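Visitor: Structure below; questions to follow.
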Amino acid sequence: MRMAHNDVSLQAGLRQAQAEAEAAFKDSTVYIEKYVEFGRHVEVQILADNHGNAVHLWERDCSLQRRHQKLVEESPSPVLKSETRKALCEAAVRLIKAAHYTNAGTVEFLVDKNHNFYLLEVNARIQVEHPVTEMVTGIDLIKQQIRIAMGEKLPFTQSQIPQNGCAIECRINAEDPARNFAPFPGKIEELRLPGGPGVRIDTHVYAGYTIPPNYDSMIGKLIVHRATRTEAIATMKRALSEFHISPIKTTIPLHLQIMENPNFLSGDVDTGFIERVMLAK
């Protein structure tokens with residue numbers, strides 16, 4: 001991706017993007033779209049069966065990112081107006097139905113400061129942050145995905161899908177934020193996972209596990225769910241503080257900083273916030 005603010009940067013960016021596309025895909029075709037400054041990344045989880053039924057399971061706000069990689073996800077979005085949420089979710093369902101798509105998927109949007117939203121893409125798969133949706137709706141997305149693949153109808157209608165409380169997920173990556181997020185493979189010698197009411201851990205690691213250097217650096221997902229966003233943030237701070245992994249460096253310290261940042265607490269963030277504000281020092 002290249003951002004252009006004038007004719008000169010547009011021409012240079014176009015050439016660079018075409019060269020990268022040609023090198024990676026043997027196809028120099030690129031497309032141009034509107035740049036949404038200070039935009040929020042908001043996506044809508046959908047389910048669609050083979051019988052013409054499609055529903056949304058509300059939205060996830062994934063605006064806190066580094067290099068377009070999500071760090072924190074939450075539902076509901078702390079800033080969406082009710083009418084925007086309704087329009088966003090209904091637009092996602094219309095798109096899925098028009099495409100005759102089936103199974104689980106995510107329709108991703110950018111939302112500007114005036115609450116206008118623009119389509120980014122459709123992810124035709126389950127996503128890392130799907131537990132956030134599972135916590136606020138009470139619906140097991142993997143189970144529904146399997147049932148749809150077996151030819152079953154969705155067991156609920158749109159009006160039966162709740163949006164209860166607030167869920168937040170922090171991606172725990174084996175990276176060192178103090179060293180420009182350098183990967184940190186190696187053996188985990190000590191591991192203590194947090195617990196308690198409203199805390200969920202999705203991970204494959206254990207004490208004695210060796211993190212390989214070959215794959216994605218994410219080693220776990222820490223999810224909390226409480227009645228309000230304030231309570232969810234407090235629970236996440238506690239859970240992050242209890243999460244001990246040694247001697248591996250992780251993104252846990254950065255997440256603790258995020259949970260205490262005034263902009264995050266007020267919901268005033270965007271996709272460039274982490275790099276522009278928190279990592280600019």
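FYI, nothing fancy with the structure tokens labels: chains A, B, ... in order, residues from 1 per chain, ligands from 1 as they appear.
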Among stretch 34-147 of chain A, which residues carry a DSSP assignment of alpha helix (DSSP H), reported as a CSV table (one decimal) with N, CA, C and O atoms, in the first residue's frame?
Guide:
chain,number,residue,atom,x,y,z
A,82,SER,N,-25.6,4.4,17.1
A,82,SER,CA,-26.5,3.2,16.9
A,82,SER,C,-26.9,3.1,15.5
A,82,SER,O,-27.0,2.0,14.9
A,83,GLU,N,-27.2,4.3,14.8
A,83,GLU,CA,-27.6,4.3,13.5
A,83,GLU,C,-26.5,3.8,12.5
A,83,GLU,O,-26.7,3.1,11.5
A,84,THR,N,-25.2,4.2,12.8
A,84,THR,CA,-24.1,3.8,12.0
A,84,THR,C,-23.9,2.3,12.2
A,84,THR,O,-23.6,1.6,11.2
A,85,ARG,N,-24.0,1.8,13.4
A,85,ARG,CA,-23.8,0.3,13.7
A,85,ARG,C,-24.9,-0.4,12.9
A,85,ARG,O,-24.6,-1.4,12.2
A,86,LYS,N,-26.1,0.0,12.9
A,86,LYS,CA,-27.2,-0.7,12.2
A,86,LYS,C,-26.9,-0.7,10.7
A,86,LYS,O,-27.0,-1.7,10.0
A,87,ALA,N,-26.5,0.5,10.1
A,87,ALA,CA,-26.3,0.6,8.7
A,87,ALA,C,-25.1,-0.3,8.3
A,87,ALA,O,-25.1,-0.9,7.2
A,88,LEU,N,-24.0,-0.3,9.1
A,88,LEU,CA,-22.8,-1.0,8.8
A,88,LEU,C,-23.1,-2.5,8.8
A,88,LEU,O,-22.7,-3.2,7.8
A,89,CYS,N,-23.8,-3.0,9.8
A,89,CYS,CA,-24.1,-4.4,9.9
A,89,CYS,C,-25.0,-4.9,8.8
A,89,CYS,O,-24.8,-6.0,8.2
A,90,GLU,N,-26.0,-4.1,8.5
A,90,GLU,CA,-26.9,-4.4,7.4
A,90,GLU,C,-26.3,-4.4,6.0
A,90,GLU,O,-26.6,-5.2,5.2
A,91,ALA,N,-25.3,-3.5,5.8
A,91,ALA,CA,-24.6,-3.5,4.6
A,91,ALA,C,-23.7,-4.7,4.4
A,91,ALA,O,-23.6,-5.3,3.3
A,92,ALA,N,-23.1,-5.2,5.5
A,92,ALA,CA,-22.4,-6.4,5.5
A,92,ALA,C,-23.2,-7.6,5.0
A,92,ALA,O,-22.8,-8.4,4.2
A,93,VAL,N,-24.4,-7.7,5.6
A,93,VAL,CA,-25.3,-8.8,5.2
A,93,VAL,C,-25.7,-8.7,3.8
A,93,VAL,O,-25.8,-9.7,3.1
A,94,ARG,N,-26.0,-7.5,3.3
A,94,ARG,CA,-26.4,-7.4,1.9
A,94,ARG,C,-25.3,-7.8,1.0
A,94,ARG,O,-25.6,-8.5,0.0
A,95,LEU,N,-24.1,-7.5,1.3
A,95,LEU,CA,-23.0,-7.9,0.4
A,95,LEU,C,-22.8,-9.4,0.4
A,95,LEU,O,-22.7,-10.0,-0.7
A,96,ILE,N,-22.9,-10.0,1.6
A,96,ILE,CA,-22.8,-11.5,1.7
A,96,ILE,C,-23.9,-12.2,0.9
A,96,ILE,O,-23.6,-13.2,0.1
A,97,LYS,N,-25.1,-11.7,1.0
A,97,LYS,CA,-26.2,-12.3,0.2
A,97,LYS,C,-26.0,-12.1,-1.3
A,97,LYS,O,-26.3,-13.0,-2.0
A,98,ALA,N,-25.6,-10.9,-1.7
A,98,ALA,CA,-25.4,-10.7,-3.1
A,98,ALA,C,-24.3,-11.5,-3.7
A,98,ALA,O,-24.4,-11.9,-4.9
A,130,HIS,N,-12.1,-13.8,16.5
A,130,HIS,CA,-13.5,-14.3,16.6
A,130,HIS,C,-13.9,-14.6,18.0
A,130,HIS,O,-15.1,-14.5,18.3
A,131,PRO,N,-13.0,-14.8,19.0
A,131,PRO,CA,-13.5,-15.0,20.4
A,131,PRO,C,-14.2,-13.8,21.0
A,131,PRO,O,-15.1,-13.9,21.8
A,132,VAL,N,-13.9,-12.6,20.5
A,132,VAL,CA,-14.5,-11.3,20.9
A,132,VAL,C,-16.0,-11.4,20.6
A,132,VAL,O,-16.9,-11.1,21.5
A,133,THR,N,-16.3,-11.9,19.4
A,133,THR,CA,-17.7,-12.0,19.0
A,133,THR,C,-18.4,-13.1,19.8
A,133,THR,O,-19.6,-13.0,20.2
A,134,GLU,N,-17.7,-14.2,20.0
A,134,GLU,CA,-18.3,-15.3,20.8
A,134,GLU,C,-18.7,-14.9,22.2
A,134,GLU,O,-19.7,-15.3,22.7
A,135,MET,N,-17.9,-14.0,22.8
A,135,MET,CA,-18.1,-13.6,24.1
A,135,MET,C,-19.4,-12.7,24.2
A,135,MET,O,-20.2,-12.8,25.2
A,136,VAL,N,-19.5,-11.8,23.3
A,136,VAL,CA,-20.7,-10.9,23.4
A,136,VAL,C,-22.0,-11.4,22.9
A,136,VAL,O,-23.1,-11.0,23.2
A,137,THR,N,-21.9,-12.5,22.0
A,137,THR,CA,-23.1,-13.1,21.5
A,137,THR,C,-23.5,-14.4,22.1
A,137,THR,O,-24.6,-14.8,22.1
A,141,LEU,N,-18.7,-19.8,17.1
A,141,LEU,CA,-18.6,-19.6,15.7
A,141,LEU,C,-18.0,-20.8,15.0
A,141,LEU,O,-18.4,-21.2,13.9
A,142,ILE,N,-17.1,-21.5,15.6
A,142,ILE,CA,-16.5,-22.7,15.0
A,142,ILE,C,-17.6,-23.8,14.9
A,142,ILE,O,-17.6,-24.5,13.9
A,143,LYS,N,-18.4,-24.0,15.9
A,143,LYS,CA,-19.5,-25.0,15.8
A,143,LYS,C,-20.4,-24.6,14.7
A,143,LYS,O,-20.8,-25.5,13.9
A,144,GLN,N,-20.8,-23.4,14.6
A,144,GLN,CA,-21.7,-23.0,13.5
A,144,GLN,C,-21.1,-23.1,12.1
A,144,GLN,O,-21.7,-23.5,11.2
A,145,GLN,N,-19.8,-22.9,12.0
A,145,GLN,CA,-19.1,-23.1,10.8
A,145,GLN,C,-19.1,-24.5,10.3
A,145,GLN,O,-19.4,-24.8,9.2
A,146,ILE,N,-18.9,-25.4,11.3
A,146,ILE,CA,-19.0,-26.9,10.9
A,146,ILE,C,-20.4,-27.3,10.6
A,146,ILE,O,-20.6,-28.0,9.6
A,147,ARG,N,-21.4,-26.8,11.3
A,147,ARG,CA,-22.8,-27.1,11.0
A,147,ARG,C,-23.2,-26.6,9.6
A,147,ARG,O,-23.9,-27.3,8.9
Visitor: Using DSSP secondary structure from the backbone, list all strand (DSSP E) positions within stretch 171-264 of chain A, as a ChimeraX atom specification.
Guide: /A:171-173,175-176,182-183,186-187,190-192,199-203,210-211,218-226,244-246
Visitor: Report the closest atom pair, with its distance in Å rounded to one decimal, for each residue of stretch 137-202 of chain A that has an atom no farther than 7 Å from stretch 249-267 of chain A; count only C-alpha atoms, sort by chain and then rising residue number, and write it as JSON lines.
Guide:
{"residue": "A:Cys170", "atom": "CA", "partner": "A:His255", "partner_atom": "CA", "distance": 7.0}
{"residue": "A:Ile172", "atom": "CA", "partner": "A:Thr251", "partner_atom": "CA", "distance": 5.7}
{"residue": "A:Asn173", "atom": "CA", "partner": "A:Thr250", "partner_atom": "CA", "distance": 5.4}
{"residue": "A:Ala174", "atom": "CA", "partner": "A:Thr250", "partner_atom": "CA", "distance": 4.5}
{"residue": "A:Glu175", "atom": "CA", "partner": "A:Thr250", "partner_atom": "CA", "distance": 4.9}
{"residue": "A:Asp176", "atom": "CA", "partner": "A:Lys249", "partner_atom": "CA", "distance": 5.2}
{"residue": "A:Pro177", "atom": "CA", "partner": "A:Thr251", "partner_atom": "CA", "distance": 6.3}
{"residue": "A:Phe184", "atom": "CA", "partner": "A:Lys249", "partner_atom": "CA", "distance": 6.2}
Visitor: Can you tell me which residues surround A:Ser75 at a distance of at most 10 Å, considering only C-alpha atoms, apart from same-chain residues fewer than 6 positions away, and format the answer as a list in words?
Guide: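 Returned residues: Val42, Glu43, Trp58, Glu59, Arg60, Asp61, Cys62, Val132, Thr133, Met135, Val136, Gln163, Asn164, Gly165, Cys166, Ala167, Ile168, Glu169, His225 and Arg229 of chain A.
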Visitor: For the selection just defined, write its residues with C-alpha atoms to a file, as an mmCIF file, in the first residue's frame.
Guide:
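This is the output file part.cif:
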data_model
loop_
_atom_site.group_PDB
_atom_site.id
_atom_site.type_symbol
_atom_site.label_atom_id
_atom_site.label_comp_id
_atom_site.auth_asym_id
_atom_site.auth_seq_id
_atom_site.Cartn_x
_atom_site.Cartn_y
_atom_site.Cartn_z
ATOM 1 C CA VAL A 42 -14.425 -1.815 12.083
ATOM 2 C CA GLU A 43 -15.415 -5.249 10.850
ATOM 3 C CA TRP A 58 -22.359 -7.335 15.292
ATOM 4 C CA GLU A 59 -19.079 -5.505 14.905
ATOM 5 C CA ARG A 60 -15.520 -5.620 16.182
ATOM 6 C CA ASP A 61 -13.363 -2.505 16.442
ATOM 7 C CA CYS A 62 -9.803 -3.414 15.416
ATOM 8 C CA VAL A 132 -14.526 -11.343 20.918
ATOM 9 C CA THR A 133 -17.742 -11.998 18.996
ATOM 10 C CA MET A 135 -18.142 -13.606 24.141
ATOM 11 C CA VAL A 136 -20.674 -10.851 23.382
ATOM 12 C CA GLN A 163 -24.803 -8.032 21.895
ATOM 13 C CA ASN A 164 -24.159 -8.375 25.606
ATOM 14 C CA GLY A 165 -21.541 -6.461 27.539
ATOM 15 C CA CYS A 166 -18.063 -5.665 26.271
ATOM 16 C CA ALA A 167 -15.290 -8.027 25.155
ATOM 17 C CA ILE A 168 -11.650 -7.074 24.542
ATOM 18 C CA GLU A 169 -8.872 -9.191 23.080
ATOM 19 C CA HIS A 225 -15.740 -10.095 28.860
ATOM 20 C CA ARG A 229 -16.198 -1.410 28.877
#
Visitor: Measuring between only C-alpha atoms, which one of A:Val44, A:Val205, A:Ala4, A:Val111 shows the shortest distance to A:Ile245?
Guide: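 Among the listed residues, the smallest separation from A:Ile245 belongs to A:Val205.
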Visitor: If we count only C-alpha atoms and set the cut-off at 9 Å, which residues sit around A:Lys187, ignoring sequence neighbours fewer than 2 positions away in its own chain? Please answer as a PDB file with N, CA and C atoms, in the first residue's frame.
Guide:
ATOM      1  N   PRO A 185      11.973 -15.804  19.443  1.00  0.00           N
ATOM      2  CA  PRO A 185      11.798 -17.250  19.567  1.00  0.00           C
ATOM      3  C   PRO A 185      12.642 -17.782  20.721  1.00  0.00           C
ATOM      4  N   GLU A 189      10.486 -21.102  29.759  1.00  0.00           N
ATOM      5  CA  GLU A 189      10.888 -21.807  30.973  1.00  0.00           C
ATOM      6  C   GLU A 189       9.853 -21.681  32.083  1.00  0.00           C
ATOM      7  N   ALA A 207       4.852 -24.371  29.575  1.00  0.00           N
ATOM      8  CA  ALA A 207       6.208 -24.318  30.099  1.00  0.00           C
ATOM      9  C   ALA A 207       7.012 -25.471  29.501  1.00  0.00           C
ATOM     10  N   GLY A 208       8.133 -25.139  28.875  1.00  0.00           N
ATOM     11  CA  GLY A 208       8.936 -26.131  28.190  1.00  0.00           C
ATOM     12  C   GLY A 208       8.781 -26.086  26.682  1.00  0.00           C
ATOM     13  N   TYR A 209       7.764 -25.357  26.211  1.00  0.00           N
ATOM     14  CA  TYR A 209       7.537 -25.236  24.771  1.00  0.00           C
ATOM     15  C   TYR A 209       8.573 -24.306  24.149  1.00  0.00           C
ATOM     16  N   THR A 210       9.057 -24.673  22.974  1.00  0.00           N
ATOM     17  CA  THR A 210      10.008 -23.834  22.256  1.00  0.00           C
ATOM     18  C   THR A 210       9.300 -23.109  21.120  1.00  0.00           C
ATOM     19  N   ILE A 211       9.326 -21.789  21.173  1.00  0.00           N
ATOM     20  CA  ILE A 211       8.710 -20.975  20.119  1.00  0.00           C
ATOM     21  C   ILE A 211       9.632 -20.989  18.902  1.00  0.00           C
ATOM     22  N   PRO A 212       9.165 -21.473  17.762  1.00  0.00           N
ATOM     23  CA  PRO A 212      10.033 -21.546  16.582  1.00  0.00           C
ATOM     24  C   PRO A 212      10.169 -20.180  15.911  1.00  0.00           C
ATOM     25  N   SER A 246       8.418 -16.378  30.847  1.00  0.00           N
ATOM     26  CA  SER A 246       9.847 -16.090  30.988  1.00  0.00           C
ATOM     27  C   SER A 246      10.674 -17.207  30.360  1.00  0.00           C
ATOM     28  N   PRO A 247      11.821 -16.852  29.759  1.00  0.00           N
ATOM     29  CA  PRO A 247      12.431 -15.520  29.612  1.00  0.00           C
ATOM     30  C   PRO A 247      12.009 -14.815  28.323  1.00  0.00           C
ATOM     31  N   ILE A 248      10.957 -15.282  27.695  1.00  0.00           N
ATOM     32  CA  ILE A 248      10.504 -14.739  26.412  1.00  0.00           C
ATOM     33  C   ILE A 248       9.979 -13.321  26.583  1.00  0.00           C
TER      34      ILE A 248
END
Visitor: Fewer than 2 positions away in the same chain doesn't count, so skip those; otherwise give me all residues within 7 Å of A:Ala104, counting only C-alpha atoms, as a ChimeraX atom specification.
Guide: /A:46-48,102,124-126,145
Visitor: With only C-alpha atoms as the atoms that count, which of A:Val55, A:Leu80, A:Ile148, A:Leu154 lies nearest to A:Thr106?
Guide: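 Selected residue with least distance to A:Thr106: A:Val55.
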Visitor: Go through A:Gln18, A:Arg171, A:Pro76, A:Val107 and flag the residue nearest A:Thr228, using only C-alpha atoms for the distances.
Guide: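 The closest residue to A:Thr228 is A:Pro76.
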